[in-house]
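Source file: model-v2.txt; contents: compact mmCIF, C-alpha atoms and all ligand atoms.
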```
# COMPACT_ATOMS: atom_id res chain seq x y z
CA MET M 7 24.31 -11.69 -11.86
CA VAL M 8 26.88 -14.42 -12.54
CA LYS M 9 29.44 -14.68 -9.76
CA MET M 10 33.02 -13.70 -10.43
CA THR M 11 35.82 -16.19 -10.01
CA ALA M 12 38.89 -14.84 -8.20
CA ILE M 13 42.07 -16.80 -8.92
CA LEU M 14 44.91 -16.17 -6.48
CA ALA M 15 48.44 -17.14 -7.50
CA GLY M 16 51.96 -16.49 -6.23
CA GLU M 17 53.01 -15.28 -9.67
CA VAL M 18 51.05 -14.14 -12.73
CA LEU M 19 52.62 -13.80 -16.20
CA ALA M 20 50.53 -11.08 -17.80
CA GLY M 21 50.15 -9.17 -21.02
CA GLU M 22 51.93 -9.61 -24.31
CA ASN M 23 55.37 -9.86 -22.73
CA LEU M 24 54.44 -12.31 -19.98
CA ARG M 25 55.34 -9.64 -17.44
CA LYS M 26 55.82 -10.95 -13.89
CA CYS M 27 53.18 -9.34 -11.65
CA GLY M 28 54.13 -11.07 -8.38
CA PRO M 29 51.36 -12.34 -6.05
CA SER M 30 48.10 -11.32 -7.75
CA CYS M 31 44.46 -12.13 -8.28
CA VAL M 32 42.93 -12.67 -11.73
CA LEU M 33 39.21 -11.98 -11.89
CA VAL M 34 37.12 -13.99 -14.36
CA ARG M 35 33.48 -13.68 -15.34
CA ASP M 36 31.42 -15.10 -18.21
CA GLY M 37 34.45 -16.86 -19.66
CA ARG M 38 36.55 -13.70 -19.85
CA ILE M 39 39.31 -12.11 -17.83
CA LEU M 40 37.97 -9.00 -16.09
CA ASP M 41 41.07 -7.68 -14.41
CA ILE M 42 44.33 -8.42 -12.62
CA ILE M 43 44.28 -6.99 -9.10
CA SER M 44 46.53 -7.02 -6.04
CA PRO M 45 45.90 -9.29 -3.02
CA ALA M 46 44.83 -6.15 -1.08
CA GLU M 47 42.25 -5.28 -3.74
CA TYR M 48 41.02 -8.88 -3.63
CA GLU M 49 39.98 -8.40 0.00
CA ALA M 50 37.37 -5.87 -1.18
CA VAL M 51 35.77 -8.24 -3.73
CA LYS M 52 36.19 -11.61 -2.05
CA ASN M 53 32.62 -11.75 -0.75
CA GLU M 54 31.14 -11.38 -4.22
CA SER M 55 33.41 -14.00 -5.81
CA GLU M 56 34.19 -17.65 -5.77
CA THR M 57 37.88 -18.04 -4.88
CA ILE M 58 40.42 -20.48 -6.31
CA ASP M 59 43.59 -20.17 -4.25
CA LEU M 60 46.57 -21.64 -6.11
CA GLY M 61 49.10 -20.83 -3.39
CA SER M 62 52.58 -20.19 -4.75
CA ALA M 63 51.81 -21.46 -8.28
CA THR M 64 52.58 -19.45 -11.43
CA LEU M 65 49.55 -18.54 -13.53
CA LEU M 66 50.09 -18.13 -17.26
CA PRO M 67 47.94 -18.17 -20.40
CA GLY M 68 46.58 -21.55 -21.57
CA LEU M 69 48.94 -23.09 -24.14
CA PHE M 70 48.63 -23.36 -27.91
CA GLU M 71 49.66 -26.73 -29.39
CA CYS M 72 50.57 -25.59 -32.90
CA HIS M 73 50.99 -28.96 -34.61
CA ASN M 74 48.37 -31.49 -33.62
CA HIS M 75 46.50 -34.36 -35.26
CA LEU M 76 43.34 -35.86 -33.83
CA ALA M 77 43.51 -39.40 -35.18
CA LEU M 78 47.21 -39.74 -34.51
CA ASP M 79 48.66 -40.42 -31.08
CA ALA M 80 52.45 -40.35 -31.23
CA GLY M 81 52.52 -42.08 -27.84
CA LEU M 82 51.00 -45.29 -29.27
CA GLU M 83 53.18 -47.94 -30.87
CA GLY M 84 52.50 -48.22 -34.61
CA HIS M 85 50.51 -44.98 -34.73
CA LEU M 86 51.77 -44.14 -38.23
CA GLY M 87 49.99 -47.22 -39.54
CA MET M 88 46.65 -46.19 -38.04
CA MET M 89 45.54 -43.82 -40.79
CA GLU M 90 43.42 -46.50 -42.44
CA LEU M 91 41.39 -47.25 -39.31
CA SER M 92 37.67 -46.52 -39.37
CA GLU M 93 36.20 -43.09 -38.71
CA CYS M 94 34.81 -44.46 -35.45
CA GLU M 95 38.24 -45.64 -34.27
CA HIS M 96 39.77 -42.29 -35.30
CA THR M 97 37.13 -40.48 -33.27
CA VAL M 98 37.96 -42.50 -30.17
CA LEU M 99 41.68 -41.75 -30.65
CA ALA M 100 40.80 -38.07 -31.08
CA LEU M 101 38.78 -37.84 -27.87
CA ASN M 102 41.53 -39.54 -25.85
CA GLY M 103 44.24 -37.31 -27.33
CA LEU M 104 42.27 -34.10 -26.81
CA LYS M 105 41.68 -34.97 -23.18
CA LYS M 106 45.42 -35.41 -22.59
CA ASP M 107 46.07 -32.10 -24.37
CA LEU M 108 43.53 -30.19 -22.30
CA LEU M 109 44.64 -31.61 -18.95
CA SER M 110 48.25 -30.66 -19.77
CA GLY M 111 47.20 -27.01 -20.17
CA VAL M 112 46.62 -26.86 -23.93
CA THR M 113 43.48 -24.75 -24.44
CA THR M 114 43.91 -24.16 -28.19
CA ALA M 115 45.22 -26.64 -30.75
CA ARG M 116 46.07 -26.25 -34.40
CA CYS M 117 45.18 -29.47 -36.23
CA MET M 118 47.33 -30.36 -39.22
CA GLY M 119 45.26 -32.91 -41.11
CA ASP M 120 42.92 -35.78 -40.41
CA ARG M 121 40.65 -38.05 -42.40
CA ASN M 122 36.90 -37.75 -43.07
CA TYR M 123 36.77 -34.18 -41.73
CA ILE M 124 36.66 -35.45 -38.16
CA ASP M 125 38.65 -32.34 -37.17
CA VAL M 126 35.94 -30.04 -38.53
CA LYS M 127 33.19 -32.01 -36.78
CA ILE M 128 34.98 -32.31 -33.44
CA LYS M 129 35.90 -28.61 -33.50
CA GLN M 130 32.18 -27.82 -33.74
CA MET M 131 31.25 -30.28 -30.98
CA ILE M 132 33.82 -28.72 -28.66
CA ALA M 133 32.53 -25.23 -29.49
CA ASP M 134 28.98 -26.42 -28.72
CA GLY M 135 30.11 -27.87 -25.38
CA ARG M 136 29.21 -31.46 -26.34
CA VAL M 137 32.79 -32.71 -26.07
CA GLU M 138 35.69 -31.49 -23.88
CA GLY M 139 38.90 -30.41 -25.52
CA PRO M 140 40.99 -27.43 -26.54
CA ASP M 141 39.46 -24.99 -29.04
CA LEU M 142 40.54 -26.24 -32.46
CA LEU M 143 41.83 -24.69 -35.66
CA VAL M 144 41.46 -27.24 -38.42
CA CYS M 145 42.59 -27.97 -41.99
CA GLY M 146 40.45 -30.91 -43.11
CA ILE M 147 42.20 -32.93 -45.82
CA GLY M 148 45.97 -32.43 -46.05
CA MET M 149 47.20 -32.34 -49.64
CA ARG M 150 50.19 -34.46 -50.57
CA ALA M 151 51.55 -35.63 -53.92
CA ARG M 152 50.93 -39.13 -55.30
CA HIS M 153 54.66 -39.90 -54.92
CA GLY M 154 55.15 -37.87 -51.75
CA HIS M 155 55.12 -38.12 -47.97
CA GLY M 156 52.14 -37.40 -45.73
CA PHE M 157 50.61 -40.20 -43.62
CA VAL M 158 47.50 -38.20 -42.88
CA GLY M 159 47.21 -36.57 -46.31
CA LEU M 160 45.60 -37.72 -49.55
CA PRO M 161 47.32 -37.79 -52.98
CA HIS M 162 46.95 -34.91 -55.44
CA SER M 163 48.41 -34.24 -58.88
CA GLY M 164 48.19 -31.02 -60.85
CA VAL M 165 46.78 -27.62 -59.98
CA GLU M 166 43.15 -28.56 -60.61
CA GLU M 167 43.27 -31.46 -58.14
CA PHE M 168 44.81 -29.17 -55.53
CA ARG M 169 42.22 -26.47 -56.27
CA ARG M 170 39.33 -28.91 -55.91
CA THR M 171 40.44 -30.06 -52.44
CA CYS M 172 41.22 -26.47 -51.36
CA ARG M 173 37.63 -25.56 -52.22
CA GLU M 174 36.12 -28.69 -50.66
CA ASN M 175 38.08 -27.91 -47.47
CA MET M 176 36.95 -24.29 -47.51
CA TYR M 177 33.35 -25.36 -48.15
CA ARG M 178 33.69 -27.35 -44.90
CA LYS M 179 34.93 -24.15 -43.18
CA VAL M 180 38.54 -25.07 -42.40
CA ASP M 181 40.86 -22.50 -40.78
CA HIS M 182 43.92 -23.22 -42.93
CA LEU M 183 45.03 -25.27 -45.96
CA LYS M 184 47.82 -27.83 -45.50
CA ILE M 185 50.23 -29.15 -48.13
CA PHE M 186 53.09 -31.68 -47.82
CA MET M 187 56.18 -30.44 -49.66
CA THR M 188 58.93 -32.90 -48.65
CA PRO M 189 59.69 -36.24 -46.98
CA GLY M 190 59.11 -36.56 -43.24
CA THR M 191 62.62 -37.58 -42.25
CA PRO M 192 65.35 -34.95 -42.32
CA ALA M 193 68.63 -34.98 -44.23
CA ALA M 194 71.65 -36.49 -42.47
CA SER M 195 74.06 -33.94 -43.97
CA PRO M 196 74.02 -30.70 -45.99
CA GLU M 197 74.95 -32.73 -49.09
CA GLU M 198 71.93 -35.05 -48.95
CA PHE M 199 69.32 -34.32 -51.61
CA ILE M 200 65.87 -33.44 -50.23
CA PRO M 201 63.06 -34.25 -52.68
CA CYS M 202 60.29 -31.73 -53.30
CA PHE M 203 56.97 -33.31 -54.25
CA ILE M 204 54.85 -30.27 -55.08
CA THR M 205 55.42 -27.79 -57.91
CA PRO M 206 55.55 -23.99 -57.53
CA GLU M 207 52.31 -23.82 -59.55
CA GLU M 208 50.53 -26.22 -57.18
CA VAL M 209 51.76 -24.25 -54.16
CA ALA M 210 50.67 -20.97 -55.78
CA THR M 211 47.21 -22.45 -56.35
CA ALA M 212 46.77 -23.26 -52.64
CA VAL M 213 48.11 -19.83 -51.63
CA SER M 214 45.80 -18.02 -54.02
CA GLU M 215 42.72 -20.08 -53.03
CA ALA M 216 43.42 -19.41 -49.33
CA LYS M 217 43.92 -15.68 -49.93
CA SER M 218 40.58 -15.49 -51.74
CA MET M 219 38.85 -16.66 -48.56
CA ASP M 220 41.18 -14.85 -46.11
CA ILE M 221 42.52 -18.03 -44.52
CA ARG M 222 46.11 -19.25 -44.10
CA THR M 223 48.30 -21.82 -45.80
CA THR M 224 50.67 -24.12 -43.98
CA ALA M 225 53.29 -26.51 -45.35
CA HIS M 226 55.00 -29.61 -44.05
CA CYS M 227 58.56 -28.93 -45.14
CA VAL M 228 61.88 -30.19 -43.79
CA GLY M 229 64.00 -28.10 -46.19
CA GLY M 230 65.62 -28.25 -49.64
CA ARG M 231 64.04 -26.82 -52.77
CA GLY M 232 60.61 -27.24 -51.17
CA LEU M 233 61.54 -24.66 -48.54
CA ASP M 234 62.76 -22.17 -51.17
CA ILE M 235 59.41 -22.56 -52.96
CA CYS M 236 57.41 -22.05 -49.74
CA ILE M 237 59.31 -18.83 -48.97
CA ARG M 238 58.96 -17.53 -52.53
CA GLN M 239 55.28 -18.41 -52.92
CA GLY M 240 54.25 -16.80 -49.63
CA ILE M 241 53.14 -19.80 -47.56
CA ASP M 242 51.98 -18.39 -44.21
CA VAL M 243 53.41 -21.07 -41.89
CA ILE M 244 56.18 -23.57 -42.58
CA ASP M 245 56.27 -26.61 -40.30
CA HIS M 246 59.26 -28.74 -39.17
CA LEU M 247 62.35 -27.21 -40.91
CA TYR M 248 64.71 -29.94 -39.67
CA SER M 249 67.16 -29.35 -42.51
CA VAL M 250 67.09 -25.55 -42.91
CA THR M 251 70.42 -24.13 -44.14
CA ALA M 252 72.14 -20.94 -42.92
CA GLU M 253 71.31 -19.32 -46.28
CA GLN M 254 67.64 -20.25 -45.93
CA ILE M 255 67.59 -18.77 -42.42
CA LYS M 256 68.66 -15.46 -44.00
CA ALA M 257 65.82 -15.73 -46.51
CA LEU M 258 63.38 -16.49 -43.66
CA GLU M 259 64.68 -13.47 -41.76
CA ASN M 260 64.61 -11.03 -44.66
CA ASP M 261 62.22 -12.18 -47.42
CA PHE M 262 59.53 -14.07 -45.53
CA GLY M 263 56.66 -12.45 -43.69
CA GLY M 264 55.26 -15.64 -42.18
CA TRP M 265 55.94 -18.00 -39.31
CA VAL M 266 57.76 -21.26 -38.80
CA ASP M 267 56.33 -23.94 -36.56
CA MET M 268 58.94 -26.16 -34.94
CA THR M 269 58.35 -29.79 -33.89
CA SER M 270 61.82 -30.67 -32.59
CA GLY M 271 60.82 -33.70 -30.51
CA ILE M 272 60.16 -35.79 -33.63
CA VAL M 273 63.90 -35.77 -34.30
CA LEU M 274 65.42 -35.08 -30.89
CA ASP M 275 63.30 -37.09 -28.47
CA GLU M 276 64.78 -40.60 -28.28
CA GLY M 277 61.85 -41.62 -26.08
CA ARG M 278 59.59 -41.44 -29.13
CA GLU M 279 61.50 -44.24 -30.89
CA ALA M 280 59.44 -46.78 -28.93
CA PHE M 281 56.40 -45.76 -30.98
CA THR M 282 57.88 -45.51 -34.52
CA PRO M 283 59.12 -48.15 -37.00
CA PRO M 284 62.74 -49.38 -36.55
CA ALA M 285 63.73 -48.34 -40.10
CA GLN M 286 62.59 -44.79 -39.42
CA ASN M 287 64.45 -44.74 -36.11
CA VAL M 288 67.69 -45.67 -37.87
CA LYS M 289 67.23 -42.75 -40.30
CA MET M 290 66.32 -40.36 -37.49
CA ARG M 291 69.38 -41.29 -35.46
CA LYS M 292 71.63 -40.69 -38.47
CA ALA M 293 70.01 -37.32 -39.09
CA ARG M 294 69.99 -36.16 -35.46
CA PRO M 295 73.35 -34.33 -35.29
CA TYR M 296 72.84 -32.29 -38.50
CA SER M 297 69.16 -31.67 -37.69
CA THR M 298 70.06 -30.33 -34.25
CA GLU M 299 72.40 -27.85 -35.91
CA CYS M 300 69.65 -26.77 -38.33
CA ILE M 301 66.84 -26.57 -35.77
CA ASN M 302 69.02 -24.48 -33.47
CA ARG M 303 69.59 -21.97 -36.29
CA VAL M 304 65.90 -21.09 -35.96
CA TYR M 305 66.00 -20.79 -32.18
CA GLN M 306 69.17 -18.72 -32.25
CA SER M 307 68.15 -16.39 -35.09
CA GLY M 308 66.13 -14.04 -32.89
CA LYS M 309 64.46 -12.79 -36.08
CA VAL M 310 62.63 -15.86 -37.41
CA ARG M 311 59.20 -15.88 -35.79
CA PHE M 312 58.51 -19.38 -34.44
CA THR M 313 55.78 -21.33 -32.66
CA LEU M 314 55.92 -24.87 -31.25
CA GLY M 315 54.02 -28.13 -31.67
CA THR M 316 54.46 -31.79 -30.82
CA ASP M 317 53.04 -33.44 -33.96
CA ALA M 318 50.41 -35.34 -31.96
CA TYR M 319 52.47 -36.27 -28.88
CA HIS M 320 49.51 -35.41 -26.71
CA GLY M 321 50.20 -33.77 -23.37
CA MET M 322 53.92 -33.34 -24.06
CA LEU M 323 54.11 -29.75 -25.32
CA TYR M 324 56.33 -28.74 -22.39
CA LYS M 325 59.08 -30.83 -24.01
CA GLU M 326 59.04 -28.63 -27.12
CA VAL M 327 59.53 -25.57 -24.93
CA GLU M 328 62.50 -27.34 -23.31
CA TYR M 329 64.01 -28.19 -26.73
CA ALA M 330 63.63 -24.58 -27.87
CA VAL M 331 65.45 -23.32 -24.77
CA ALA M 332 68.13 -26.02 -25.03
CA GLY M 333 68.59 -24.98 -28.68
CA GLY M 334 69.27 -21.36 -27.84
CA ALA M 335 65.91 -19.59 -27.61
CA SER M 336 65.32 -17.41 -24.56
CA THR M 337 62.82 -18.91 -22.10
CA LEU M 338 60.64 -15.85 -22.73
CA ASN M 339 60.54 -16.46 -26.51
CA ALA M 340 59.97 -20.19 -26.00
CA LEU M 341 57.02 -19.48 -23.68
CA LYS M 342 55.65 -16.85 -26.05
CA ALA M 343 55.86 -19.45 -28.85
CA VAL M 344 53.12 -21.46 -27.10
CA THR M 345 51.07 -18.47 -25.90
CA VAL M 346 51.20 -14.87 -27.15
CA ASN M 347 53.02 -15.54 -30.41
CA ALA M 348 51.02 -18.66 -31.20
CA ALA M 349 47.88 -16.56 -30.84
CA GLU M 350 49.31 -14.09 -33.33
CA MET M 351 50.33 -16.85 -35.77
CA THR M 352 46.80 -18.28 -35.71
CA GLY M 353 45.11 -14.87 -36.00
CA LEU M 354 43.66 -15.00 -32.47
CA SER M 355 45.83 -12.38 -30.77
CA LYS M 356 42.93 -10.06 -29.97
CA GLU M 357 41.09 -12.68 -27.91
CA LYS M 358 43.48 -15.40 -26.75
CA GLY M 359 47.02 -16.17 -25.67
CA ARG M 360 47.58 -13.64 -22.89
CA ILE M 361 46.32 -12.71 -19.44
CA ALA M 362 44.77 -9.29 -19.96
CA ALA M 363 41.38 -7.68 -19.38
CA GLY M 364 38.84 -8.73 -22.00
CA TYR M 365 40.76 -11.84 -23.11
CA THR M 366 39.26 -15.35 -23.03
CA ALA M 367 39.82 -16.94 -19.62
CA ASP M 368 42.07 -19.77 -20.85
CA LEU M 369 44.55 -20.27 -18.02
CA LEU M 370 47.19 -22.68 -16.77
CA ALA M 371 48.91 -22.74 -13.39
CA VAL M 372 52.10 -24.69 -12.77
CA ARG M 373 54.33 -25.30 -9.79
CA GLY M 374 57.58 -23.40 -10.12
CA ASP M 375 58.64 -20.63 -12.47
CA PRO M 376 58.54 -21.57 -16.18
CA LEU M 377 60.53 -18.44 -17.06
CA GLU M 378 63.40 -19.82 -14.98
CA ASP M 379 62.94 -23.49 -15.80
CA PRO M 380 60.65 -24.54 -18.67
CA HIS M 381 60.29 -28.01 -17.13
CA ALA M 382 57.91 -26.34 -14.65
CA LEU M 383 55.33 -26.49 -17.48
CA SER M 384 55.01 -30.23 -16.82
CA GLN M 385 54.00 -29.58 -13.19
CA VAL M 386 50.37 -28.69 -13.87
CA GLN M 387 48.25 -27.56 -10.95
CA PHE M 388 45.27 -25.90 -12.61
CA VAL M 389 43.70 -25.57 -16.06
CA MET M 390 40.79 -23.31 -16.96
CA LYS M 391 39.15 -23.02 -20.38
CA HIS M 392 36.65 -20.26 -21.18
CA GLY M 393 36.31 -19.59 -17.44
CA LYS M 394 35.52 -23.20 -16.58
CA THR M 395 37.91 -25.19 -14.37
CA VAL M 396 38.95 -28.41 -16.09
CA ARG M 397 41.73 -29.43 -13.70
CA LEU M 398 42.54 -28.44 -10.12
CA GLU M 399 45.18 -30.23 -8.05
CA GLU M 400 45.88 -29.71 -4.36
CA LYS M 401 48.17 -26.76 -3.89
CA ALA M 402 51.77 -27.62 -3.05
ZN ZN M 501 52.06 -33.59 -38.59
```
Can the structure from this file be put into structure tokens for me?
Amino acid sequence: MVKMTAILAGEVLAGENLRKCGPSCVLVRDGRILDIISPAEYEAVKNESETIDLGSATLLPGLFECHNHLALDAGLEGHLGMMELSECEHTVLALNGLKKDLLSGVTTARCMGDRNYIDVKIKQMIADGRVEGPDLLVCGIGMRARHGHGFVGLPHSGVEEFRRTCRENMYRKVDHLKIFMTPGTPAASPEEFIPCFITPEEVATAVSEAKSMDIRTTAHCVGGRGLDICIRQGIDVIDHLYSVTAEQIKALENDFGGWVDMTSGIVLDEGREAFTPPAQNVKMRKARPYSTECINRVYQSGKVRFTLGTDAYHGMLYKEVEYAVAGGASTLNALKAVTVNAAEMTGLSKEKGRIAAGYTADLLAVRGDPLEDPHALSQVQFVMKHGKTVRLEEKA
């Protein structure tokens, strides 16, 4: 019989509400969580298990990075100009990025568009154990308009062009369909016009194609008319929302059954300016005050269901949790946005995203208490994916 692994930690955040269990032992076998037991109960099983003692660390579910790209690395200067590199170069970027993600505690990542279906291929290689990385959810080719934004996307015009790519993506077995509604940079004020590049008919085509195959749709959308269309047409997940108005928040609260996926660092993290073009940085700086107001509307709503992603800033997901908390979300909701709730948004809530018996043994241990201080998420001590240890630091 395969030996159990017994993981001892000073604190365990368990179940769908990340309940604090105090000093506990999590038992793992065959890639799954068997049980959460007390230190006294551990004494009875310690001879039949292999023990990983994490000391005073806090054990929580492995994280979900909800907005990733494989061939983009937002920590490299000039990364936005790298979309025309070769498939080989993209693959190397992908493997480096995925390694950083995994070692930071990300055990599941939602990919939001890459070229040449490298996301589909790498997802399979990870599942087969040929390459190390988080489990992936992929979208293949992102669909943008000829005149629209979307570095990683390809141009489309008219419902039949959208339909063709939807079906090609679904033939390749993607998990969701991605469209680019608006520019990438946010508005600097409520008066600034936000273009919308995709028509309601084109959006409806993607939604209907996805529904036919029981997969989800997701839209890059900073705000404006594009956001109204996404809400009305029933897009499942809306990403970014840097320019969402108070009125649109009401519509998201009352008329929208889906999720929003926030990527605040793109606008708020001044450290990322080193890696983006000067002209874009000027626009971002101008938009920062109004965007902060808009982004915080989501965090403060309490009713808009949100998840978090970095937009390919590999290994830096903890920063998004910090931005959510700084913007007014409770630490519990911010942590759930990268664990329990992210699992629900991606349709994986019955197998991933929480520490509970029967769930996949995707685990992260950090020094400190992330429910008190989200920065603790950057202090990684241990990462396990599918019951296999991928990182183990000396205990503090
Ligand atoms: Zn993106």
If you take every atom of segment 56-72 of chain M that the file lists and fit an axis-aligned box around them with 6 Å extra on each side, what centre and edge lengths come out in Å to one decimal, as JSON?
```
{"center_x": 43.4, "center_y": -22.2, "center_z": -18.1, "size_x": 30.4, "size_y": 21.1, "size_z": 41.5}
```
Counting all atoms listed in the file, what residues are within 9 Å of ligand ZN 501 (chain M), given as a PyMOL selection string? chain M and resi 73-75+78+117-119+156-158+190+226+245-246+269+316-318
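Counting all atoms listed in the file, the residue from M:Ala367, M:Leu24, M:Val144, M:Leu377 that sits nearest to Ala12 of chain M is M:Ala367.
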List the spatial neighbours of segment 60-67 of chain M as a list of chain:residue names - criterion: any atom at most 6 Å away, all atoms listed in the file, same-chain residues fewer than 5 positions off excluded. M:Leu14, M:Ala15, M:Gly16, M:Glu17, M:Val18, M:Leu19, M:Gly359, M:Arg360, M:Ile361, M:Leu369, M:Leu370, M:Ala371, M:Val372, M:Arg373, M:Lys401
Within 12 Å of Thr191 of chain M using only C-alpha atoms, minus same-chain residues under 2 positions, as a ChimeraX atom specification: /M:155-156,188-189,193-194,198-201,226-229,246-249,270,272-274,285-294,297
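Proximity of M:Glu93, M:Arg178, M:Glu208, M:Arg169 to Lys129 of chain M, computed with all atoms listed in the file, is greatest for M:Arg178.
Using only C-alpha atoms, the shortest contact distance between Thr224 of chain M and any of M:Arg173, M:Arg116, M:Lys26, M:Lys391 is found at M:Arg116.
Minimum atom-to-atom distance to Trp265 of chain M, evaluated using all atoms listed in the file, belongs to M:Asp242 out of M:Asp242, M:Asp379, M:Glu357, M:Glu400.
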Surrounding residues of segment 323-334 of chain M excluding itself and chain neighbours under 3 positions, 7 Å, only C-alpha atoms, as a ChimeraX atom specification: /M:71,269-271,302,305-306,314-316,337,340-341,380-381,383-384
Env of Gly353 of chain M: 12 Å cut, atoms = only C-alpha atoms, seq-sep filter 2 positions within chain, self excluded. Answer as a ChimeraX atom specification. /M:116,143,181-182,220-222,242-243,264-265,346-351,355-359
